[in-house]
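Trainee: Once you've had a glance at the structure underneath, I'll fire off some questions.
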Amino acid sequence: MNAQDRKRVSEIVSALEGLKAEIVTQGEALRELADAEQEKFDNMTEGLQQGEKGQAIEAAADALGEAADAAEQGNADEALETLGSIE
């Protein structure tokens with residue numbers, strides 16, 4: 001590989017590292033949303049938690065947490081798939 005090609009590979013590596021860092025940052029934002037949804041659920045009465053809305057909030061909190069885990073590990077595909085399951 002010549003110097004020009006090595007330089008291009010280095011540029012691509014830097015760009016990919018930047019993208020991965022952004023995915024991790026977005027995972028942290030997802031974690032904040034998951035925590036907020038979980039707090040909403042926790043602050044509901046037990047009766048409301050068992051209702052349709054409570055169950056939806058809990059499911060959203062769980063999905064956001066799973067998506068955050070995936071994003072924080074740099075797995076954008078898994079994060080996007082999990083986010084797609086949120087109603």
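Ordering of the structure tokens sets the chain letters (A, B, ...); residue numbers start at 1 within each chain; ligands are numbered from 1 in the order shown.
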Leaving out Glu78 in chain A and any residue of its chain fewer than 3 positions from it, which residues lie within 12 Å of it when counting only C-alpha atoms, given as a list in words?
Mentor: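 Contacts, in chain order: Ile23, Gly27, Ala63, Leu64, Glu66, Ala67, Ala68, Asp69, Ala70, Ala71, Glu72, Gln73, Gly74, Asn75, Glu81, Thr82, Leu83, Gly84 and Ser85 of chain A.
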Trainee: Excluding Arg31 in chain A and residues on its chain fewer than 3 positions from it, collect all residues at most 6 Å away from it, counting only C-alpha atoms, and give them as a PyMOL selection string.
Mentor: chain A and resi 28+34+65+68
Trainee: Include C-alpha atoms and write out the residues we just selected as a tab-separated table (two decimals), in the first residue's frame.
Mentor:
```tsv
chain	number	residue	atom	x	y	z
A	28	GLU	CA	-26.04	8.18	26.80
A	34	ALA	CA	-34.92	5.42	29.74
A	65	GLY	CA	-32.53	0.91	28.16
A	68	ALA	CA	-28.90	2.58	25.18
```
Trainee: For CA of Leu30 in chain A and CA of Leu80 in chain A, determine how far apart the two atoms are, in Å to one decimal place.
Mentor: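 It comes out at 11.3 Å.
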Trainee: Between A:Glu32, A:Asn43, A:Arg6, A:Gln38, which is the closest to Ala56 in chain A once you count only C-alpha atoms?
Mentor: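 Among A:Glu32, A:Asn43, A:Arg6, A:Gln38, it is A:Gln38 that comes nearest to Ala56 in chain A.
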Trainee: Residues at most 8 Å from Glu37 in chain A, counting only C-alpha atoms, excluding those fewer than 2 positions away in the same chain, as an MDAnalysis selection string?
Mentor: chainID A and resid 33:35 39:41 57:58 60:61
Trainee: Store the residues picked out above, limited to N, CA and C atoms, as a short mmCIF file (atom, residue, chain, number, x, y, z; two decimals), in the first residue's frame.
Mentor:
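Contents of again.cif, as written:
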```cif
data_model
loop_
_atom_site.label_atom_id
_atom_site.label_comp_id
_atom_site.auth_asym_id
_atom_site.auth_seq_id
_atom_site.Cartn_x
_atom_site.Cartn_y
_atom_site.Cartn_z
N LEU A 33 -33.29 9.15 28.69
CA LEU A 33 -34.71 8.96 28.39
C LEU A 33 -35.26 7.72 29.07
N ALA A 34 -34.49 6.65 29.07
CA ALA A 34 -34.92 5.42 29.74
C ALA A 34 -35.12 5.66 31.22
N ASP A 35 -34.19 6.37 31.83
CA ASP A 35 -34.31 6.67 33.26
C ASP A 35 -35.53 7.53 33.56
N GLU A 39 -38.68 6.45 35.81
CA GLU A 39 -39.12 7.29 36.93
C GLU A 39 -40.62 7.56 36.85
N LYS A 40 -41.12 7.83 35.63
CA LYS A 40 -42.57 8.02 35.44
C LYS A 40 -43.31 6.79 35.92
N PHE A 41 -42.83 5.63 35.50
CA PHE A 41 -43.48 4.38 35.88
C PHE A 41 -43.43 4.19 37.39
N ILE A 57 -45.50 2.50 29.31
CA ILE A 57 -44.38 3.28 29.83
C ILE A 57 -43.25 2.35 30.26
N GLU A 58 -43.59 1.28 30.95
CA GLU A 58 -42.56 0.33 31.38
C GLU A 58 -41.87 -0.32 30.18
N ALA A 60 -41.56 0.95 27.19
CA ALA A 60 -40.72 1.97 26.56
C ALA A 60 -39.42 2.15 27.34
N ALA A 61 -39.52 2.18 28.66
CA ALA A 61 -38.32 2.33 29.49
C ALA A 61 -37.36 1.16 29.26
#
```
Trainee: So which one's closest to Glu87 in chain A, A:Leu16, A:Thr25, A:Ala59, A:Ala3? Using only C-alpha atoms, please.
Mentor: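 The shortest atom-to-atom distance to Glu87 in chain A comes from A:Ala59.
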Trainee: One number please: CA of Asp5 in chain A to CA of Asp77 in chain A, in Å, one decimal.
Mentor: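 Straight-line distance from CA of Asp5 in chain A to CA of Asp77 in chain A works out to 28.8 Å.
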Trainee: Provide the CA of Gln26 in chain A to CA of Ala79 in chain A distance in Å, to one decimal place.
Mentor: 10.0 Å
